[in-house]
$ cat structure33.txt   # compact mmCIF, C-alpha atoms and all ligand atoms
# COMPACT_ATOMS: atom_id res chain seq x y z
CA MET F 1 138.97 -24.28 20.61
CA THR F 2 136.71 -27.35 20.38
CA ILE F 3 134.12 -27.07 17.57
CA ILE F 4 130.85 -29.00 17.77
CA LEU F 5 128.53 -29.83 14.85
CA GLY F 6 124.94 -30.13 16.06
CA LEU F 7 122.07 -31.83 14.18
CA GLU F 8 118.34 -31.49 14.95
CA SER F 9 115.51 -33.44 13.29
CA SER F 10 113.10 -34.52 16.05
CA CYS F 11 109.98 -32.70 14.87
CA ASP F 12 109.26 -30.38 11.95
CA GLU F 13 112.48 -28.36 11.79
CA THR F 14 115.65 -29.71 10.19
CA ALA F 15 118.77 -27.92 11.40
CA ALA F 16 122.57 -28.00 11.49
CA ALA F 17 124.85 -25.67 13.47
CA LEU F 18 128.49 -25.18 14.40
CA VAL F 19 129.20 -23.90 17.90
CA THR F 20 132.45 -23.62 19.88
CA ALA F 21 132.94 -24.89 23.43
CA ARG F 22 133.07 -21.19 24.44
CA GLY F 23 129.58 -20.64 23.05
CA ASP F 24 130.41 -18.83 19.81
CA ILE F 25 127.84 -19.70 17.15
CA LEU F 26 129.91 -20.08 13.96
CA ALA F 27 126.96 -21.06 11.74
CA HIS F 28 123.37 -22.17 12.06
CA ARG F 29 121.05 -23.28 9.32
CA LEU F 30 117.42 -24.29 9.62
CA ALA F 31 114.73 -25.51 7.23
CA THR F 32 111.17 -25.42 8.52
CA GLN F 33 108.51 -27.77 7.18
CA GLU F 34 105.63 -25.48 8.09
CA GLU F 35 104.30 -25.31 4.53
CA ALA F 36 104.33 -29.11 4.09
CA HIS F 37 102.28 -29.68 7.27
CA ARG F 38 99.98 -26.65 7.07
CA PRO F 39 97.22 -28.38 5.01
CA TYR F 40 96.92 -31.02 7.77
CA GLY F 41 96.82 -28.53 10.68
CA GLY F 42 99.64 -30.36 12.47
CA VAL F 43 102.86 -32.31 11.96
CA VAL F 44 102.49 -35.49 9.86
CA PRO F 45 105.32 -37.82 11.01
CA GLU F 46 105.82 -39.56 7.65
CA ILE F 47 106.06 -36.27 5.76
CA ALA F 48 108.44 -34.92 8.41
CA ALA F 49 110.80 -37.91 8.19
CA ARG F 50 110.98 -37.76 4.40
CA ALA F 51 111.69 -34.03 4.45
CA HIS F 52 114.56 -34.51 6.94
CA VAL F 53 116.10 -37.07 4.54
CA GLU F 54 116.01 -34.52 1.73
CA VAL F 55 117.34 -31.42 3.47
CA LEU F 56 119.62 -32.45 6.35
CA THR F 57 122.77 -33.19 4.36
CA PRO F 58 122.64 -29.96 2.30
CA LEU F 59 122.09 -28.02 5.55
CA ILE F 60 125.22 -29.56 7.07
CA ALA F 61 127.22 -28.69 3.94
CA GLY F 62 125.79 -25.17 4.07
CA ALA F 63 126.66 -24.67 7.73
CA LEU F 64 130.23 -25.87 7.13
CA ALA F 65 130.52 -23.50 4.16
CA ASP F 66 129.14 -20.57 6.22
CA ALA F 67 131.76 -21.21 8.92
CA LYS F 68 134.48 -21.81 6.27
CA LEU F 69 135.26 -25.17 7.87
CA THR F 70 135.70 -28.73 6.65
CA LEU F 71 134.41 -31.77 8.52
CA ASP F 72 138.02 -32.54 9.55
CA GLN F 73 138.12 -29.27 11.50
CA VAL F 74 135.06 -30.26 13.53
CA ASP F 75 135.93 -31.92 16.85
CA VAL F 76 132.63 -33.37 18.06
CA ILE F 77 129.36 -34.51 16.39
CA ALA F 78 126.19 -33.98 18.44
CA ALA F 79 122.82 -35.24 17.19
CA THR F 80 119.37 -35.30 18.74
CA ALA F 81 118.62 -38.93 19.71
CA GLY F 82 115.12 -38.29 21.13
CA PRO F 83 112.51 -37.66 22.35
CA GLY F 84 110.46 -36.87 19.26
CA LEU F 85 108.97 -38.33 16.10
CA ILE F 86 111.04 -41.48 15.68
CA GLY F 87 111.41 -41.34 11.88
CA GLY F 88 112.94 -37.88 12.06
CA VAL F 89 115.10 -38.70 15.07
CA MET F 90 116.53 -41.69 13.19
CA VAL F 91 117.48 -39.55 10.18
CA GLY F 92 119.50 -37.12 12.31
CA LEU F 93 121.04 -39.68 14.62
CA VAL F 94 122.14 -42.03 11.82
CA THR F 95 123.59 -39.07 9.91
CA GLY F 96 125.50 -38.05 13.05
CA LYS F 97 126.79 -41.59 13.56
CA ALA F 98 127.95 -41.86 9.95
CA LEU F 99 129.79 -38.53 10.15
CA ALA F 100 131.36 -39.45 13.50
CA HIS F 101 132.49 -42.82 12.15
CA ALA F 102 133.81 -41.50 8.84
CA ALA F 103 135.63 -38.51 10.35
CA LYS F 104 136.71 -40.40 13.51
CA LYS F 105 135.11 -37.88 15.88
CA PRO F 106 133.30 -38.53 19.16
CA LEU F 107 129.50 -38.74 19.00
CA ILE F 108 127.20 -37.16 21.57
CA ALA F 109 123.59 -38.41 21.49
CA VAL F 110 121.68 -35.39 22.77
CA ASN F 111 118.33 -35.44 24.52
CA HIS F 112 116.34 -32.73 22.69
CA LEU F 113 114.97 -31.55 26.05
CA GLU F 114 118.51 -31.10 27.34
CA GLY F 115 119.14 -28.95 24.26
CA HIS F 116 116.30 -26.67 25.39
CA ALA F 117 117.33 -26.91 29.06
CA LEU F 118 120.93 -25.78 28.45
CA SER F 119 120.15 -23.24 25.68
CA PRO F 120 119.93 -20.36 28.23
CA ARG F 121 123.63 -20.93 29.06
CA LEU F 122 124.48 -20.56 25.37
CA ALA F 123 122.52 -17.30 25.34
CA ASP F 124 124.03 -16.08 28.61
CA PRO F 125 127.44 -17.55 29.56
CA THR F 126 127.20 -15.99 33.03
CA LEU F 127 124.26 -18.25 33.96
CA GLN F 128 125.49 -20.76 36.56
CA PHE F 129 124.00 -24.06 37.78
CA PRO F 130 121.72 -24.69 39.56
CA TYR F 131 118.66 -22.92 38.16
CA LEU F 132 114.91 -23.41 38.10
CA LEU F 133 113.76 -24.07 34.53
CA LEU F 134 110.27 -23.83 33.10
CA LEU F 135 110.46 -25.96 29.94
CA VAL F 136 107.44 -25.25 27.77
CA SER F 137 107.29 -26.73 24.26
CA GLY F 138 104.93 -28.52 21.90
CA GLY F 139 105.43 -31.85 23.66
CA HIS F 140 106.33 -30.86 27.21
CA CYS F 141 105.47 -28.61 30.12
CA GLN F 142 107.82 -29.19 33.03
CA LEU F 143 109.53 -27.48 35.93
CA LEU F 144 113.08 -28.77 36.33
CA HIS F 145 115.85 -28.18 38.82
CA VAL F 146 118.89 -28.01 36.52
CA LYS F 147 122.07 -29.00 38.38
CA GLY F 148 124.41 -29.71 35.44
CA PRO F 149 124.64 -31.63 32.17
CA GLY F 150 122.77 -34.92 32.67
CA ALA F 151 121.65 -33.84 36.18
CA TYR F 152 117.98 -32.87 36.34
CA ALA F 153 115.25 -33.19 38.94
CA ARG F 154 111.78 -32.99 37.44
CA LEU F 155 109.64 -31.09 39.92
CA ALA F 156 106.41 -30.90 37.92
CA THR F 157 104.96 -32.00 34.60
CA THR F 158 101.63 -31.88 32.79
CA ILE F 159 99.02 -34.49 33.58
CA ASP F 160 97.48 -34.10 30.10
CA ASP F 161 98.39 -31.60 27.32
CA ALA F 162 101.65 -29.69 26.96
CA ALA F 163 101.46 -25.88 26.94
CA GLY F 164 102.40 -25.64 23.24
CA GLU F 165 99.89 -28.34 22.41
CA ALA F 166 97.19 -26.23 24.12
CA PHE F 167 98.22 -23.24 21.97
CA ASP F 168 98.18 -25.36 18.81
CA LYS F 169 94.76 -26.90 19.57
CA THR F 170 93.31 -23.50 20.49
CA ALA F 171 94.58 -22.06 17.21
CA LYS F 172 92.94 -24.89 15.30
CA LEU F 173 89.62 -24.42 17.17
CA LEU F 174 89.68 -20.69 16.45
CA GLY F 175 90.63 -21.17 12.79
CA LEU F 176 93.92 -19.32 13.27
CA GLY F 177 95.99 -21.92 11.41
CA TYR F 178 99.30 -23.65 11.97
CA PRO F 179 101.69 -23.29 13.74
CA GLY F 180 99.35 -22.23 16.49
CA GLY F 181 101.47 -20.52 19.15
CA PRO F 182 102.51 -17.41 17.21
CA ALA F 183 99.01 -17.13 15.63
CA VAL F 184 97.30 -17.15 19.04
CA GLU F 185 99.80 -14.60 20.40
CA LEU F 186 99.11 -12.31 17.44
CA ALA F 187 95.31 -12.56 17.77
CA ALA F 188 95.53 -12.17 21.56
CA ALA F 189 97.31 -8.83 21.17
CA CYS F 190 94.04 -7.40 19.78
CA GLY F 191 91.78 -9.03 22.37
CA ASP F 192 90.56 -8.50 25.93
CA PRO F 193 92.07 -11.10 28.32
CA GLY F 194 89.15 -10.63 30.69
CA ALA F 195 86.38 -11.07 28.09
CA VAL F 196 85.83 -14.84 28.33
CA PRO F 197 85.57 -16.67 31.68
CA LEU F 198 87.91 -19.68 31.37
CA PRO F 199 89.13 -22.18 33.99
CA ARG F 200 92.65 -22.23 35.47
CA PRO F 201 93.16 -26.00 36.02
CA LEU F 202 95.07 -26.99 39.20
CA LEU F 203 95.61 -23.34 40.20
CA GLY F 204 96.53 -23.12 43.86
CA THR F 205 96.52 -26.90 44.44
CA SER F 206 99.15 -28.48 46.68
CA GLU F 207 100.28 -30.93 44.00
CA PRO F 208 102.90 -29.39 41.72
CA HIS F 209 101.65 -30.34 38.25
CA PHE F 210 100.11 -28.62 35.21
CA SER F 211 96.89 -29.41 33.33
CA PHE F 212 95.55 -27.79 30.15
CA ALA F 213 92.93 -30.23 28.80
CA GLY F 214 90.00 -28.59 30.64
CA LEU F 215 91.08 -25.19 29.41
CA LYS F 216 91.06 -26.41 25.82
CA SER F 217 87.53 -27.83 26.22
CA ALA F 218 86.33 -24.51 27.66
CA VAL F 219 87.87 -22.69 24.68
CA MET F 220 85.93 -25.01 22.38
CA ARG F 221 82.64 -24.24 24.17
CA ALA F 222 83.35 -20.50 24.04
CA ALA F 223 84.14 -20.69 20.31
CA GLN F 224 81.02 -22.74 19.56
CA SER F 225 78.76 -20.39 21.55
CA GLY F 226 79.32 -17.68 18.99
CA ALA F 227 79.16 -15.12 21.81
CA TYR F 228 82.77 -13.94 21.64
CA ARG F 229 85.27 -12.41 19.23
CA VAL F 230 88.13 -14.73 18.23
CA GLU F 231 90.64 -12.15 19.50
CA ASP F 232 88.95 -12.07 22.92
CA ILE F 233 88.97 -15.87 23.20
CA ALA F 234 92.66 -15.95 22.19
CA ALA F 235 93.56 -13.27 24.74
CA SER F 236 91.52 -14.94 27.51
CA PHE F 237 93.09 -18.32 26.72
CA GLN F 238 96.61 -16.89 26.75
CA GLN F 239 95.91 -15.16 30.08
CA ALA F 240 94.65 -18.44 31.59
CA VAL F 241 97.85 -20.20 30.47
CA ILE F 242 99.94 -17.39 31.94
CA ASP F 243 98.08 -17.60 35.26
CA CYS F 244 98.67 -21.38 35.43
CA LEU F 245 102.36 -21.14 34.51
CA ILE F 246 102.95 -18.35 37.05
CA ASP F 247 101.04 -20.09 39.86
CA ARG F 248 102.90 -23.39 39.42
CA THR F 249 106.29 -21.71 39.03
CA ALA F 250 105.70 -19.47 42.07
CA ARG F 251 104.86 -22.60 44.08
CA GLN F 252 108.33 -24.01 43.29
CA LEU F 253 110.09 -20.70 43.97
CA GLY F 254 108.47 -20.76 47.40
CA ALA F 255 109.83 -24.27 48.07
CA GLY F 256 113.33 -22.95 48.71
CA LEU F 257 115.42 -25.00 46.26
CA PRO F 258 118.82 -23.39 45.60
CA ALA F 259 118.62 -21.47 42.30
CA ASN F 260 120.73 -18.76 40.69
CA ALA F 261 117.99 -17.78 38.27
CA LEU F 262 114.52 -18.46 36.95
CA VAL F 263 114.93 -19.65 33.37
CA VAL F 264 112.41 -20.33 30.61
CA ALA F 265 113.09 -22.38 27.47
CA GLY F 266 111.23 -24.27 24.71
CA GLY F 267 109.03 -23.02 21.88
CA VAL F 268 106.36 -21.45 24.10
CA ALA F 269 109.09 -19.30 25.69
CA ALA F 270 108.94 -17.31 22.43
CA ASN F 271 105.60 -15.88 23.67
CA LYS F 272 106.24 -12.29 24.78
CA PRO F 273 103.46 -11.91 27.38
CA ILE F 274 104.52 -15.24 28.95
CA ARG F 275 108.14 -14.04 29.13
CA ALA F 276 107.07 -10.73 30.65
CA ALA F 277 104.95 -12.43 33.33
CA LEU F 278 107.80 -14.80 34.26
CA GLU F 279 110.26 -11.93 34.40
CA ALA F 280 107.99 -10.05 36.81
CA LEU F 281 107.65 -13.20 38.93
CA ALA F 282 111.45 -13.63 39.10
CA HIS F 283 111.85 -10.01 40.19
CA ARG F 284 109.24 -10.46 42.94
CA HIS F 285 111.48 -13.28 44.23
CA ASP F 286 114.71 -11.25 43.83
CA LEU F 287 115.93 -13.71 41.23
CA ARG F 288 117.63 -13.20 37.89
CA PHE F 289 115.48 -14.04 34.89
CA VAL F 290 117.07 -15.62 31.81
CA ALA F 291 115.25 -16.38 28.54
CA PRO F 292 117.05 -17.22 25.28
CA PRO F 293 116.39 -15.03 22.22
CA LEU F 294 113.28 -16.10 20.31
CA TRP F 295 115.12 -18.06 17.59
CA LEU F 296 116.92 -20.10 20.26
CA CYS F 297 113.60 -20.91 22.04
CA THR F 298 112.03 -22.79 19.13
CA ASP F 299 113.75 -25.89 17.75
CA ASN F 300 117.23 -25.31 16.31
CA ALA F 301 120.59 -27.07 16.07
CA ALA F 302 122.70 -24.50 17.96
CA MET F 303 121.13 -25.68 21.22
CA ILE F 304 121.92 -29.30 20.28
CA ALA F 305 125.54 -28.42 19.47
CA TRP F 306 125.76 -26.52 22.78
CA ALA F 307 124.32 -29.44 24.79
CA GLY F 308 126.93 -31.55 22.97
CA ALA F 309 129.63 -29.09 24.08
CA GLU F 310 128.51 -29.26 27.71
CA ARG F 311 128.28 -33.06 27.70
CA HIS F 312 131.64 -33.40 25.92
CA ALA F 313 133.29 -31.17 28.52
CA ALA F 314 131.78 -33.41 31.22
CA GLY F 315 133.14 -36.54 29.50
CA LEU F 316 129.66 -37.79 28.55
CA ILE F 317 130.46 -39.40 25.17
CA ASP F 318 128.29 -42.04 23.49
CA ASP F 319 129.21 -45.03 21.39
CA LEU F 320 127.90 -45.72 17.90
CA THR F 321 125.31 -48.25 19.11
CA VAL F 322 123.32 -45.59 21.03
CA PRO F 323 119.57 -45.96 20.28
CA ALA F 324 117.03 -43.45 18.93
CA ARG F 325 114.30 -42.93 21.53
CA PRO F 326 110.74 -41.67 20.91
CA ARG F 327 110.42 -41.08 24.69
CA TRP F 328 113.32 -40.06 26.88
CA PRO F 329 112.68 -38.29 30.19
CA LEU F 330 115.37 -35.92 31.47
CA ASP F 331 114.84 -37.25 34.98
CA PRO F 332 114.24 -41.02 34.72
CA ALA F 333 113.77 -41.22 38.50
CA ALA F 334 110.81 -38.82 38.52
CA GLU F 335 107.55 -40.27 39.76
CA LYS F 336 104.68 -40.48 37.27
CA ALA F 337 102.18 -37.69 37.64
CA ARG F 338 98.59 -38.79 38.07
CA GLY F 339 96.32 -38.83 35.04
CA ALA F 340 96.21 -40.59 31.72
CA GLY F 341 98.46 -39.78 28.80
CA VAL F 342 101.34 -38.68 30.98
CA LYS F 343 104.13 -37.22 28.90
CA ALA F 344 107.70 -38.45 29.39
O1 LIG M 401 110.31 -26.32 21.25
P1 LIG M 401 109.48 -26.33 20.02
O2 LIG M 401 109.94 -25.53 18.82
O3 LIG M 401 109.24 -27.78 19.51
C1 LIG M 401 109.06 -28.84 20.43
O4 LIG M 401 110.08 -29.40 20.90
O5 LIG M 401 107.86 -29.09 20.75
O6 LIG M 401 108.03 -25.85 20.46
C2 LIG M 401 106.99 -25.76 19.54
C3 LIG M 401 105.76 -25.30 20.28
C4 LIG M 401 104.51 -25.32 19.43
O7 LIG M 401 103.47 -25.91 20.16
C5 LIG M 401 104.25 -23.85 19.14
O8 LIG M 401 102.89 -23.55 18.95
C6 LIG M 401 104.78 -23.21 20.42
O9 LIG M 401 105.95 -23.93 20.71
N1 LIG M 401 105.09 -21.79 20.20
C7 LIG M 401 104.44 -20.79 20.83
C8 LIG M 401 104.95 -19.58 20.28
N2 LIG M 401 105.91 -19.90 19.35
C9 LIG M 401 105.98 -21.26 19.33
N3 LIG M 401 103.48 -20.81 21.76
C10 LIG M 401 103.02 -19.62 22.20
N4 LIG M 401 103.43 -18.42 21.71
C11 LIG M 401 104.40 -18.35 20.77
N5 LIG M 401 104.82 -17.17 20.29
ZN ZN M 402 111.75 -28.53 21.06
$ encode --input "structure33.txt" --output "C-alpha cells"
Amino acid sequence: MTIILGLESSCDETAAALVTARGDILAHRLATQEEAHRPYGGVVPEIAARAHVEVLTPLIAGALADAKLTLDQVDVIAATAGPGLIGGVMVGLVTGKALAHAAKKPLIAVNHLEGHALSPRLADPTLQFPYLLLLVSGGHCQLLHVKGPGAYARLATTIDDAAGEAFDKTAKLLGLGYPGGPAVELAAACGDPGAVPLPRPLLGTSEPHFSFAGLKSAVMRAAQSGAYRVEDIAASFQQAVIDCLIDRTARQLGAGLPANALVVAGGVAANKPIRAALEALAHRHDLRFVAPPLWLCTDNAAMIAWAGAERHAAGLIDDLTVPARPRWPLDPAAEKARGAGVKA
C-alpha cells in the first residue's frame, strides 16, 4: 500500500502526516502558532515563517515515529506549494524537496486549496466526483465544481473579504480575540440572531459571487453604537453570513450542474450552525451532504498527504524545480470577479 508523507506550512499551522492511498491516517501531528500571533490579533508572516523552520522537522520525525515507519518506507512526499504566506510555503516545500531528493521518492507539490477540496473524500471514501464544494477558509470563499484531482471549475468567489476573514475581523471588532472564528461561534451561541439588523450583501442577485466587506462595516457601526450586547452582534453577524452562504449555494444547486453531493470544506466549515444550515439545504435538494470532521476542516497535513495520494494515483508528479506560489487559483481559467482586491 502506497504511503504518502504530507507537509503543511502555508499559514499559522505547521503539520506533518502519513496517509495511505486507501485513506488510512497512520499519523498526524500539528503545531499551532496561535499563542505567538495572539498579541498581534492576526498572523504575522515573519513570525510564522520562523516558527515553521523550528518545528517542521521535529514534527516529521514525530509522525514517522508514531506510525513506526522510516523515511525509506514512505513512497511519496507531498508538500503544500501555495497559495499562502510565501515564507512559510517555502519552508515546507524546500523540506519536501530535500526529503524527496535524499530518499529518491516522487514529489507532489500540492495546492493547499486542493487539500481542502479533496479532504471530504479522505473523510468519506464513498464520496464520488463530481460534487459541488463550498470552500470557506481564512483566505477564500468559493463555490467549485470538483470533477477530479486537478479538475476544478470555479463557479463563484468573493469580490472582497473571505468568509473566515469576516469572522476574524468581526472578532477583533468585538474584542473576542484571535483566532476569531471559534470565538464568534461561541459568543453567538448566547446571542439573538435577530437582534441587530445587518445587511446580506449580494443576496438574491443574478451574479454568483460573495461579498462580506459591507457586513463587516455594519458590524463595526453596531459595535460602536453601544446599543447591543456583544453576543447579539456575534449571533446576528453569524446569521447574516449563513444567509449569504445558503443563498449563493442554493443558486448554484438550482443551476443543474451534475453533483453527487453538496460538500463543505475549509476552516469556516468547522462552524456548527453553518454546517447545519448547509445540511438542511442539501436535504431540500435531495442531495447528500458531506463535511469533514472539525480537525480536518482547519489546516492540517493529512489533507495535503491525501491530495498527494489522489494526484499520485492520477500520475500528476512534479519535478524538483517546482516553484512556491503565494497565489495559485484552483481554476486558472476562471474569469475575474468584479471588485477590487479579488482573491485568487
Ligand atoms: O482553512 P483554515 O484553517 O486556514 C486557511 O487556509 O485560511 O481557515 C482558517 C479560518 C479562519 O479565518 C478562522 O477564523 C476560520 O477559518 N474558522 C472559523 C471557525 N473555525 C475556524 N470560522 C467560523 N467558525 C468556526 N468555528
Ligand atoms: Zn486552509
$ atom_distance --input "structure33.txt" --atom1 "atom N4 of ligand LIG 401 (chain M)" --atom2 "atom CA of Asp161 of chain F"
15.2 Å
$ residues_near_ligand --input "structure33.txt" --ligand "ligand ZN 402 (chain M)" --cutoff "8 Å" --atoms "all atoms listed in the file" --output "VMD selection string"
chain F and resid 10 to 11 112 to 113 116 137 to 139 266 to 267 297 to 300
$ atom_distance --input "structure33.txt" --atom1 "atom CA of Tyr152 of chain F" --atom2 "atom CA of Leu330 of chain F"
6.3 Å
$ residues_near_ligand --input "structure33.txt" --ligand "ligand LIG 401 (chain M)" --cutoff "10 Å" --atoms "all atoms listed in the file" --output "PyMOL selection string"
chain F and resi 10-13+42+83-84+112-113+115-116+135-141+162-171+178-186+238+241+265-275+294-300
$ residues_around --input "structure33.txt" --residues "Ala109 of chain F" --least-positions-apart "6" --cutoff "9 Å" --atoms "all atoms listed in the file" --output "list in words"
Ile77, Ala78, Ala79, Thr80, Ala81, Gly82, Leu93, Gly96, Gly308, Ile317, Asp318, Asp319, Val322, Pro323 and Ala324 of chain F
$ residues_around --input "structure33.txt" --residues "segment 195-203 of chain F" --least-positions-apart "3" --cutoff "10 Å" --atoms "only C-alpha atoms" --output "ChimeraX atom specification"
/F:191-192,206-219,222,227-229,231-237,239-248
$ closest_residue --input "structure33.txt" --among "F:Leu143, F:Ile60, F:Glu54, F:Val230" --to "Ala188 of chain F" --atoms "only C-alpha atoms"
F:Val230
$ atom_distance --input "structure33.txt" --atom1 "atom CA of Leu118 of chain F" --atom2 "atom CA of Ile159 of chain F"
24.1 Å
$ residues_near_point --input "structure33.txt" --point "(117.0, -16.2, 29.0)" --cutoff "8 Å" --atoms "all atoms listed in the file" --output "MDAnalysis selection string"
chainID F and resid 120 123:124 263:265 289:293
$ closest_residue --input "structure33.txt" --among "F:Leu99, F:Val91, F:Met303, F:Ala282" --to "Ala117 of chain F" --atoms "all atoms listed in the file"
F:Met303
$ decode --input "structure33.txt" --residues "segment 294-308 of chain F" --atoms "N, CA, C and O atoms" --output "short mmCIF file (atom, residue, chain, number, x, y, z; two decimals), in the first residue's frame"
data_model
loop_
_atom_site.label_atom_id
_atom_site.label_comp_id
_atom_site.auth_asym_id
_atom_site.auth_seq_id
_atom_site.Cartn_x
_atom_site.Cartn_y
_atom_site.Cartn_z
N LEU F 294 -14.24 18.17 12.28
CA LEU F 294 -13.74 19.53 12.52
C LEU F 294 -12.22 19.65 12.35
O LEU F 294 -11.73 20.60 11.75
N TRP F 295 -11.46 18.67 12.86
CA TRP F 295 -10.00 18.78 12.80
C TRP F 295 -9.49 18.73 11.36
O TRP F 295 -8.44 19.27 11.05
N LEU F 296 -10.27 18.11 10.47
CA LEU F 296 -9.86 18.00 9.07
C LEU F 296 -10.32 19.23 8.27
O LEU F 296 -9.93 19.41 7.12
N CYS F 297 -11.19 20.08 8.87
CA CYS F 297 -11.64 21.31 8.20
C CYS F 297 -10.58 22.39 8.29
O CYS F 297 -10.29 23.07 7.32
N THR F 298 -10.01 22.58 9.48
CA THR F 298 -8.96 23.60 9.63
C THR F 298 -7.65 23.00 9.10
O THR F 298 -7.55 21.79 8.87
N ASP F 299 -6.65 23.86 8.93
CA ASP F 299 -5.42 23.43 8.26
C ASP F 299 -4.77 22.24 8.97
O ASP F 299 -4.68 22.21 10.20
N ASN F 300 -4.30 21.30 8.17
CA ASN F 300 -3.67 20.08 8.69
C ASN F 300 -2.87 19.44 7.56
O ASN F 300 -3.02 19.85 6.39
N ALA F 301 -2.05 18.44 7.88
CA ALA F 301 -1.23 17.83 6.84
C ALA F 301 -1.85 16.55 6.27
O ALA F 301 -1.44 16.09 5.20
N ALA F 302 -2.85 15.98 6.96
CA ALA F 302 -3.49 14.77 6.43
C ALA F 302 -4.16 15.09 5.09
O ALA F 302 -4.09 14.29 4.15
N MET F 303 -4.78 16.28 5.01
CA MET F 303 -5.44 16.64 3.75
C MET F 303 -4.42 16.87 2.64
O MET F 303 -4.71 16.63 1.46
N ILE F 304 -3.21 17.32 3.00
CA ILE F 304 -2.17 17.53 2.00
C ILE F 304 -1.63 16.17 1.52
O ILE F 304 -1.44 15.94 0.32
N ALA F 305 -1.42 15.25 2.47
CA ALA F 305 -0.98 13.90 2.10
C ALA F 305 -2.03 13.24 1.20
O ALA F 305 -1.71 12.59 0.21
N TRP F 306 -3.32 13.44 1.55
CA TRP F 306 -4.39 12.81 0.77
C TRP F 306 -4.46 13.41 -0.64
O TRP F 306 -4.61 12.67 -1.63
N ALA F 307 -4.34 14.73 -0.76
CA ALA F 307 -4.31 15.34 -2.10
C ALA F 307 -3.12 14.79 -2.87
O ALA F 307 -3.22 14.53 -4.08
N GLY F 308 -2.00 14.57 -2.16
CA GLY F 308 -0.83 13.96 -2.79
C GLY F 308 -1.15 12.55 -3.27
O GLY F 308 -0.75 12.14 -4.37
#
